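Content type compact mmCIF, N, CA and C atoms and all ligand atoms, from the file final-v2.txt:
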# COMPACT_ATOMS: atom_id res chain seq x y z
N MET A 1 15.11 0.01 -2.60
CA MET A 1 14.02 0.58 -1.81
C MET A 1 14.54 1.44 -0.67
N SER A 2 15.49 0.91 0.13
CA SER A 2 15.95 1.68 1.28
C SER A 2 16.60 2.99 0.82
N GLU A 3 17.31 2.97 -0.31
CA GLU A 3 17.93 4.21 -0.81
C GLU A 3 16.85 5.15 -1.35
N LEU A 4 15.89 4.57 -2.07
CA LEU A 4 14.84 5.39 -2.68
C LEU A 4 14.05 6.16 -1.62
N LEU A 5 13.78 5.50 -0.48
CA LEU A 5 12.93 6.13 0.53
C LEU A 5 13.73 6.71 1.69
N ALA A 6 15.02 6.86 1.51
CA ALA A 6 15.85 7.39 2.60
C ALA A 6 15.74 8.92 2.65
N GLY A 7 16.04 9.48 3.81
CA GLY A 7 16.23 10.92 3.87
C GLY A 7 15.12 11.69 4.53
N TYR A 8 13.89 11.47 4.16
CA TYR A 8 12.78 12.22 4.77
C TYR A 8 11.52 11.39 4.64
N PRO A 9 10.48 11.71 5.40
CA PRO A 9 9.28 10.89 5.35
C PRO A 9 8.59 10.98 3.98
N TRP A 10 8.18 9.83 3.50
CA TRP A 10 7.41 9.74 2.26
C TRP A 10 5.98 9.30 2.61
N ARG A 11 5.05 9.63 1.71
CA ARG A 11 3.71 9.04 1.79
C ARG A 11 3.72 7.86 0.81
N VAL A 12 3.64 6.66 1.37
CA VAL A 12 3.80 5.46 0.56
C VAL A 12 2.46 4.73 0.44
N PHE A 13 2.12 4.33 -0.77
CA PHE A 13 0.91 3.52 -0.98
C PHE A 13 1.34 2.10 -1.29
N VAL A 14 0.84 1.14 -0.48
CA VAL A 14 1.23 -0.26 -0.65
C VAL A 14 0.00 -1.07 -1.05
N ALA A 15 0.06 -1.68 -2.23
CA ALA A 15 -0.98 -2.63 -2.64
C ALA A 15 -0.59 -4.00 -2.09
N GLY A 16 -1.56 -4.83 -1.73
CA GLY A 16 -1.24 -6.15 -1.21
C GLY A 16 -0.54 -6.08 0.14
N GLY A 17 -0.96 -5.16 0.98
CA GLY A 17 -0.29 -4.96 2.27
C GLY A 17 -0.40 -6.14 3.21
N SER A 18 -1.45 -6.95 3.06
CA SER A 18 -1.64 -8.10 3.95
C SER A 18 -0.89 -9.33 3.45
N GLY A 19 -0.27 -9.24 2.29
CA GLY A 19 0.44 -10.38 1.73
C GLY A 19 1.84 -10.52 2.31
N ALA A 20 2.54 -11.52 1.84
CA ALA A 20 3.87 -11.82 2.37
C ALA A 20 4.81 -10.62 2.22
N LEU A 21 4.79 -9.99 1.06
CA LEU A 21 5.69 -8.85 0.86
C LEU A 21 5.25 -7.65 1.70
N GLY A 22 3.95 -7.38 1.71
CA GLY A 22 3.43 -6.24 2.46
C GLY A 22 3.72 -6.33 3.94
N LYS A 23 3.56 -7.54 4.49
CA LYS A 23 3.79 -7.73 5.94
C LYS A 23 5.25 -7.49 6.32
N THR A 24 6.13 -7.69 5.38
CA THR A 24 7.55 -7.41 5.62
C THR A 24 7.84 -5.93 5.41
N LEU A 25 7.25 -5.39 4.34
CA LEU A 25 7.57 -4.02 3.94
C LEU A 25 6.98 -2.96 4.88
N ILE A 26 5.70 -3.11 5.24
CA ILE A 26 5.02 -2.05 5.99
C ILE A 26 5.69 -1.74 7.33
N PRO A 27 5.99 -2.75 8.17
CA PRO A 27 6.65 -2.40 9.44
C PRO A 27 7.99 -1.69 9.25
N LYS A 28 8.72 -2.05 8.20
CA LYS A 28 10.00 -1.39 7.94
C LYS A 28 9.78 0.08 7.56
N LEU A 29 8.79 0.32 6.71
CA LEU A 29 8.50 1.70 6.31
C LEU A 29 8.04 2.54 7.50
N VAL A 30 7.14 1.96 8.31
CA VAL A 30 6.62 2.68 9.48
C VAL A 30 7.76 2.98 10.45
N ALA A 31 8.63 2.00 10.66
CA ALA A 31 9.75 2.19 11.60
C ALA A 31 10.68 3.31 11.15
N ARG A 32 10.72 3.55 9.84
CA ARG A 32 11.57 4.64 9.32
C ARG A 32 10.83 5.97 9.26
N GLY A 33 9.62 5.99 9.75
CA GLY A 33 8.90 7.26 9.84
C GLY A 33 8.07 7.62 8.63
N HIS A 34 7.95 6.69 7.67
CA HIS A 34 7.14 6.98 6.50
C HIS A 34 5.65 6.81 6.82
N GLU A 35 4.83 7.55 6.09
CA GLU A 35 3.38 7.49 6.28
C GLU A 35 2.83 6.49 5.26
N VAL A 36 2.26 5.40 5.74
CA VAL A 36 1.89 4.30 4.85
C VAL A 36 0.37 4.15 4.74
N THR A 37 -0.14 4.18 3.52
CA THR A 37 -1.51 3.78 3.25
C THR A 37 -1.44 2.45 2.52
N ALA A 38 -2.23 1.48 2.99
CA ALA A 38 -2.16 0.15 2.38
C ALA A 38 -3.55 -0.33 2.00
N MET A 39 -3.63 -0.97 0.85
CA MET A 39 -4.91 -1.40 0.30
C MET A 39 -5.41 -2.66 1.00
N ALA A 40 -6.71 -2.66 1.31
CA ALA A 40 -7.34 -3.82 1.93
C ALA A 40 -8.63 -4.13 1.19
N ARG A 41 -9.02 -5.39 1.22
CA ARG A 41 -10.30 -5.77 0.60
C ARG A 41 -11.36 -6.11 1.63
N SER A 42 -10.99 -6.18 2.90
CA SER A 42 -11.97 -6.54 3.93
C SER A 42 -11.68 -5.77 5.21
N VAL A 43 -12.67 -5.76 6.09
CA VAL A 43 -12.50 -5.08 7.38
C VAL A 43 -11.43 -5.78 8.21
N ASP A 44 -11.39 -7.11 8.14
CA ASP A 44 -10.37 -7.87 8.89
C ASP A 44 -8.97 -7.48 8.43
N THR A 45 -8.81 -7.41 7.12
CA THR A 45 -7.51 -7.02 6.58
C THR A 45 -7.17 -5.60 6.98
N ALA A 46 -8.18 -4.73 6.95
CA ALA A 46 -7.95 -3.33 7.34
C ALA A 46 -7.44 -3.26 8.78
N ASP A 47 -8.03 -4.06 9.68
CA ASP A 47 -7.57 -4.08 11.08
C ASP A 47 -6.12 -4.56 11.17
N GLU A 48 -5.80 -5.56 10.36
CA GLU A 48 -4.43 -6.10 10.37
C GLU A 48 -3.43 -5.03 9.93
N LEU A 49 -3.80 -4.27 8.91
CA LEU A 49 -2.91 -3.22 8.40
C LEU A 49 -2.75 -2.11 9.44
N ARG A 50 -3.86 -1.79 10.13
CA ARG A 50 -3.81 -0.75 11.17
C ARG A 50 -2.84 -1.17 12.28
N ARG A 51 -2.88 -2.47 12.64
CA ARG A 51 -1.98 -2.96 13.70
C ARG A 51 -0.52 -2.84 13.27
N MET A 52 -0.28 -2.88 11.95
CA MET A 52 1.10 -2.74 11.46
C MET A 52 1.54 -1.28 11.40
N GLY A 53 0.58 -0.36 11.66
CA GLY A 53 0.92 1.05 11.64
C GLY A 53 0.55 1.77 10.36
N ALA A 54 -0.16 1.06 9.46
CA ALA A 54 -0.59 1.67 8.19
C ALA A 54 -2.02 2.19 8.30
N THR A 55 -2.37 3.11 7.42
CA THR A 55 -3.76 3.53 7.28
C THR A 55 -4.38 2.67 6.19
N PRO A 56 -5.43 1.90 6.51
CA PRO A 56 -6.02 1.05 5.48
C PRO A 56 -6.91 1.83 4.52
N ALA A 57 -6.92 1.39 3.27
CA ALA A 57 -7.80 1.99 2.25
C ALA A 57 -8.49 0.84 1.53
N LEU A 58 -9.83 0.82 1.63
CA LEU A 58 -10.56 -0.29 1.03
C LEU A 58 -10.66 -0.12 -0.48
N ALA A 59 -10.16 -1.10 -1.22
CA ALA A 59 -10.22 -1.07 -2.69
C ALA A 59 -9.86 -2.45 -3.22
N ASP A 60 -10.22 -2.66 -4.48
CA ASP A 60 -9.87 -3.91 -5.18
C ASP A 60 -9.24 -3.50 -6.51
N VAL A 61 -8.19 -4.17 -6.92
CA VAL A 61 -7.51 -3.75 -8.15
C VAL A 61 -8.42 -3.87 -9.38
N PHE A 62 -9.49 -4.66 -9.28
CA PHE A 62 -10.37 -4.82 -10.44
C PHE A 62 -11.49 -3.78 -10.47
N GLU A 63 -11.58 -2.96 -9.41
CA GLU A 63 -12.56 -1.86 -9.41
C GLU A 63 -11.80 -0.58 -9.74
N THR A 64 -11.66 -0.33 -11.04
CA THR A 64 -10.72 0.67 -11.52
C THR A 64 -10.98 2.07 -10.97
N GLU A 65 -12.23 2.52 -11.03
CA GLU A 65 -12.51 3.90 -10.62
C GLU A 65 -12.29 4.09 -9.12
N ARG A 66 -12.74 3.10 -8.33
CA ARG A 66 -12.52 3.19 -6.88
C ARG A 66 -11.02 3.13 -6.57
N LEU A 67 -10.31 2.28 -7.29
CA LEU A 67 -8.86 2.18 -7.08
C LEU A 67 -8.20 3.52 -7.39
N ARG A 68 -8.60 4.14 -8.51
CA ARG A 68 -8.01 5.43 -8.90
C ARG A 68 -8.24 6.47 -7.80
N ARG A 69 -9.48 6.53 -7.29
CA ARG A 69 -9.78 7.51 -6.25
C ARG A 69 -9.03 7.21 -4.95
N THR A 70 -8.94 5.92 -4.62
CA THR A 70 -8.28 5.52 -3.38
C THR A 70 -6.81 5.93 -3.39
N VAL A 71 -6.14 5.65 -4.51
CA VAL A 71 -4.72 6.00 -4.59
C VAL A 71 -4.55 7.52 -4.61
N ALA A 72 -5.41 8.19 -5.39
CA ALA A 72 -5.30 9.65 -5.47
C ALA A 72 -5.52 10.30 -4.11
N ASP A 73 -6.50 9.80 -3.35
CA ASP A 73 -6.79 10.37 -2.03
C ASP A 73 -5.61 10.21 -1.07
N ALA A 74 -4.84 9.11 -1.25
CA ALA A 74 -3.68 8.88 -0.38
C ALA A 74 -2.53 9.83 -0.72
N ARG A 75 -2.59 10.44 -1.90
CA ARG A 75 -1.57 11.39 -2.35
C ARG A 75 -0.14 10.85 -2.13
N PRO A 76 0.14 9.65 -2.65
CA PRO A 76 1.46 9.06 -2.37
C PRO A 76 2.58 9.78 -3.09
N THR A 77 3.72 9.84 -2.41
CA THR A 77 4.94 10.27 -3.10
C THR A 77 5.65 9.06 -3.69
N TRP A 78 5.26 7.87 -3.23
CA TRP A 78 5.74 6.63 -3.84
C TRP A 78 4.64 5.58 -3.69
N SER A 79 4.41 4.81 -4.76
CA SER A 79 3.35 3.81 -4.72
C SER A 79 3.87 2.49 -5.28
N SER A 80 3.43 1.38 -4.65
CA SER A 80 3.83 0.06 -5.15
C SER A 80 2.95 -0.37 -6.31
N ILE A 81 1.93 0.43 -6.60
CA ILE A 81 1.03 0.08 -7.70
C ILE A 81 1.22 1.10 -8.82
N SER A 82 1.35 0.59 -10.04
CA SER A 82 1.59 1.47 -11.17
C SER A 82 0.26 1.95 -11.73
N CYS A 83 -0.03 3.21 -11.54
CA CYS A 83 -1.33 3.74 -11.96
C CYS A 83 -1.16 5.22 -12.28
N PRO A 84 -0.62 5.54 -13.46
CA PRO A 84 -0.30 6.94 -13.78
C PRO A 84 -1.46 7.89 -13.60
N SER A 85 -2.68 7.47 -13.91
CA SER A 85 -3.82 8.38 -13.79
C SER A 85 -4.20 8.63 -12.34
N CYS A 86 -3.59 7.83 -11.39
CA CYS A 86 -3.91 8.01 -9.98
C CYS A 86 -3.13 9.15 -9.36
N ARG A 87 -2.10 9.63 -10.03
CA ARG A 87 -1.19 10.57 -9.40
C ARG A 87 -1.76 11.98 -9.32
N ARG A 88 -1.51 12.59 -8.18
CA ARG A 88 -1.74 14.02 -7.99
C ARG A 88 -0.44 14.60 -7.53
N ALA A 89 -0.32 15.86 -7.61
CA ALA A 89 0.90 16.48 -7.07
C ALA A 89 0.99 16.16 -5.59
N PRO A 90 2.18 15.70 -5.12
CA PRO A 90 2.30 15.34 -3.70
C PRO A 90 2.10 16.53 -2.78
N1 LIG B 1 6.72 -13.17 -2.26
C1 LIG B 1 7.72 -13.12 -3.15
O1 LIG B 1 8.86 -13.59 -2.89
C2 LIG B 1 7.53 -12.47 -4.50
C3 LIG B 1 8.63 -12.36 -5.36
C4 LIG B 1 8.45 -11.71 -6.59
C5 LIG B 1 7.21 -11.22 -6.97
N2 LIG B 1 6.15 -11.36 -6.12
C6 LIG B 1 4.86 -10.82 -6.55
O2 LIG B 1 4.49 -9.76 -5.66
C7 LIG B 1 3.08 -9.77 -5.48
C8 LIG B 1 2.75 -9.91 -4.00
O3 LIG B 1 3.38 -11.09 -3.53
P1 LIG B 1 3.05 -11.70 -2.09
O4 LIG B 1 3.96 -12.86 -1.91
O5 LIG B 1 3.02 -10.62 -1.06
O6 LIG B 1 1.56 -12.26 -2.36
P2 LIG B 1 0.49 -12.83 -1.30
O7 LIG B 1 1.14 -13.18 -0.01
O8 LIG B 1 -0.27 -13.89 -2.03
O9 LIG B 1 -0.47 -11.59 -1.04
C9 LIG B 1 -1.30 -11.09 -2.06
C10 LIG B 1 -1.82 -9.75 -1.62
O10 LIG B 1 -2.55 -9.17 -2.70
C11 LIG B 1 -3.85 -8.83 -2.25
N3 LIG B 1 -4.80 -9.00 -3.32
C12 LIG B 1 -5.07 -10.13 -4.04
N4 LIG B 1 -6.02 -9.89 -4.95
C13 LIG B 1 -6.36 -8.58 -4.83
C14 LIG B 1 -7.30 -7.75 -5.49
N5 LIG B 1 -8.09 -8.20 -6.47
N6 LIG B 1 -7.38 -6.45 -5.10
C15 LIG B 1 -6.60 -5.96 -4.10
N7 LIG B 1 -5.69 -6.71 -3.43
C16 LIG B 1 -5.57 -8.01 -3.80
C17 LIG B 1 -4.13 -9.75 -1.08
O11 LIG B 1 -5.10 -9.13 -0.26
P3 LIG B 1 -6.15 -9.95 0.63
O12 LIG B 1 -5.55 -10.03 2.00
O13 LIG B 1 -7.38 -9.13 0.58
O14 LIG B 1 -6.34 -11.30 -0.01
C18 LIG B 1 -2.75 -9.81 -0.43
O15 LIG B 1 -2.53 -8.68 0.38
C19 LIG B 1 2.53 -10.91 -6.33
O16 LIG B 1 2.14 -10.39 -7.58
C20 LIG B 1 3.73 -11.83 -6.49
O17 LIG B 1 3.63 -12.57 -7.68
C21 LIG B 1 6.28 -11.96 -4.89

Take the structure in the file and write it out as structure tokens.
Amino acid sequence: MSELLAGYPWRVFVAGGSGALGKTLIPKLVARGHEVTAMARSVDTADELRRMGATPALADVFETERLRRTVADARPTWSSISCPSCRRAP
């Protein structure tokens, strides 16, 4: 991860940002200057992600169309969620 995202700022999309992995990952990404959008399912979670320095995006992995739009709108150059149809040119 550190090698993959080294060198210049990336737009990173993090699914499960409020979870154990996300809480570790997001502050590290933000500290390195990356622009982080992280998925949230509630307003409380969105606030938590904002405090970590991420931009929250409300979505649920089981709501396929909303998820597709949410990831596409974030225009990530790297995403923790595998969703080929979500990609747009960075
Ligand atoms: N922790 C590890 O050491 C480890 C190691 C290997 C693999 N993994 C895998 O990595 C993933 C994340 O692990 P974790 O430890 O961070 O898990 P976690 O602490 O249980 O967090 C789960 C995260 O997923 C979100 N989430 C759950 N259901 C969702 C849904 N339907 N739509 C959108 N978001 C949803 C939760 O959001 P809410 O806040 O809204 O509930 C939360 O942010 C899991 O698949 C786990 O099996 C973890």

Name the residues, using the chain letters and numbers of the file, that sit within 8 Å of (0.9, 4.8, 4.3) when counting only N, CA and C atoms, and give them as an mmCIF file with N, CA and C atoms, keeping the file's coordinate frame.
data_model
loop_
_atom_site.group_PDB
_atom_site.id
_atom_site.type_symbol
_atom_site.label_atom_id
_atom_site.label_comp_id
_atom_site.auth_asym_id
_atom_site.auth_seq_id
_atom_site.Cartn_x
_atom_site.Cartn_y
_atom_site.Cartn_z
ATOM 1 N N TRP A 10 8.180 9.830 3.500
ATOM 2 C CA TRP A 10 7.410 9.740 2.260
ATOM 3 C C TRP A 10 5.980 9.300 2.610
ATOM 4 N N ARG A 11 5.050 9.630 1.710
ATOM 5 C CA ARG A 11 3.710 9.040 1.790
ATOM 6 C C ARG A 11 3.720 7.860 0.810
ATOM 7 N N VAL A 12 3.640 6.660 1.370
ATOM 8 C CA VAL A 12 3.800 5.460 0.560
ATOM 9 C C VAL A 12 2.460 4.730 0.440
ATOM 10 N N PHE A 13 2.120 4.330 -0.770
ATOM 11 C CA PHE A 13 0.910 3.520 -0.980
ATOM 12 C C PHE A 13 1.340 2.100 -1.290
ATOM 13 N N VAL A 14 0.840 1.140 -0.480
ATOM 14 C CA VAL A 14 1.230 -0.260 -0.650
ATOM 15 C C VAL A 14 0.000 -1.070 -1.050
ATOM 16 N N VAL A 30 7.140 1.960 8.310
ATOM 17 C CA VAL A 30 6.620 2.680 9.480
ATOM 18 C C VAL A 30 7.760 2.980 10.450
ATOM 19 N N HIS A 34 7.950 6.690 7.670
ATOM 20 C CA HIS A 34 7.140 6.980 6.500
ATOM 21 C C HIS A 34 5.650 6.810 6.820
ATOM 22 N N GLU A 35 4.830 7.550 6.090
ATOM 23 C CA GLU A 35 3.380 7.490 6.280
ATOM 24 C C GLU A 35 2.830 6.490 5.260
ATOM 25 N N VAL A 36 2.260 5.400 5.740
ATOM 26 C CA VAL A 36 1.890 4.300 4.850
ATOM 27 C C VAL A 36 0.370 4.150 4.740
ATOM 28 N N THR A 37 -0.140 4.180 3.520
ATOM 29 C CA THR A 37 -1.510 3.780 3.250
ATOM 30 C C THR A 37 -1.440 2.450 2.520
ATOM 31 N N ALA A 38 -2.230 1.480 2.990
ATOM 32 C CA ALA A 38 -2.160 0.150 2.380
ATOM 33 C C ALA A 38 -3.550 -0.330 2.000
ATOM 34 N N GLY A 53 0.580 -0.360 11.660
ATOM 35 C CA GLY A 53 0.920 1.050 11.640
ATOM 36 C C GLY A 53 0.550 1.770 10.360
ATOM 37 N N ALA A 54 -0.160 1.060 9.460
ATOM 38 C CA ALA A 54 -0.590 1.670 8.190
ATOM 39 C C ALA A 54 -2.020 2.190 8.300
ATOM 40 N N THR A 55 -2.370 3.110 7.420
ATOM 41 C CA THR A 55 -3.760 3.530 7.280
ATOM 42 C C THR A 55 -4.380 2.670 6.190
ATOM 43 N N PRO A 56 -5.430 1.900 6.510
ATOM 44 C CA PRO A 56 -6.020 1.050 5.480
ATOM 45 C C PRO A 56 -6.910 1.830 4.520
ATOM 46 N N ALA A 74 -4.840 9.110 -1.250
ATOM 47 C CA ALA A 74 -3.680 8.880 -0.380
ATOM 48 C C ALA A 74 -2.530 9.830 -0.720
ATOM 49 N N PRO A 76 0.140 9.650 -2.650
ATOM 50 C CA PRO A 76 1.460 9.060 -2.370
ATOM 51 C C PRO A 76 2.580 9.780 -3.090
#

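The closest residue to A:Arg66, picked from A:Arg41, A:Ser80, A:Gly17, A:Arg50 and counting only C-alpha atoms, is A:Arg41.
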
Write out as number ranges by chain each polymer residue (protein, DNA or RNA) that has an atom no more than 5 Å from ligand LIG 1 (chain B), with all atoms listed in the file counted.
A: 16-22, 41, 59-62

Work out how far atom N of A:Ile81 is from atom CA of A:Ala15, in Å to one decimal.
5.8 Å

Find the axis-aligned box for stretch 67-77 of chain A, covering all its listed atoms and adding 6 Å on each side, and write its centre and edge lengths in Å to one decimal as AutoDock Vina command-line options.
--center_x -2.3 --center_y 6.8 --center_z -4.6 --size_x 28.0 --size_y 21.2 --size_z 20.5

Please return, as a PyMOL selection string, all residues of chain A that DSSP assigns to alpha helix (DSSP H) on the basis of the backbone.
chain A and resi 20-31+43-51+64-74

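With atom C of A:Thr70 on one side and atom N of A:Leu29 on the other, the separation reads 19.4 Å.
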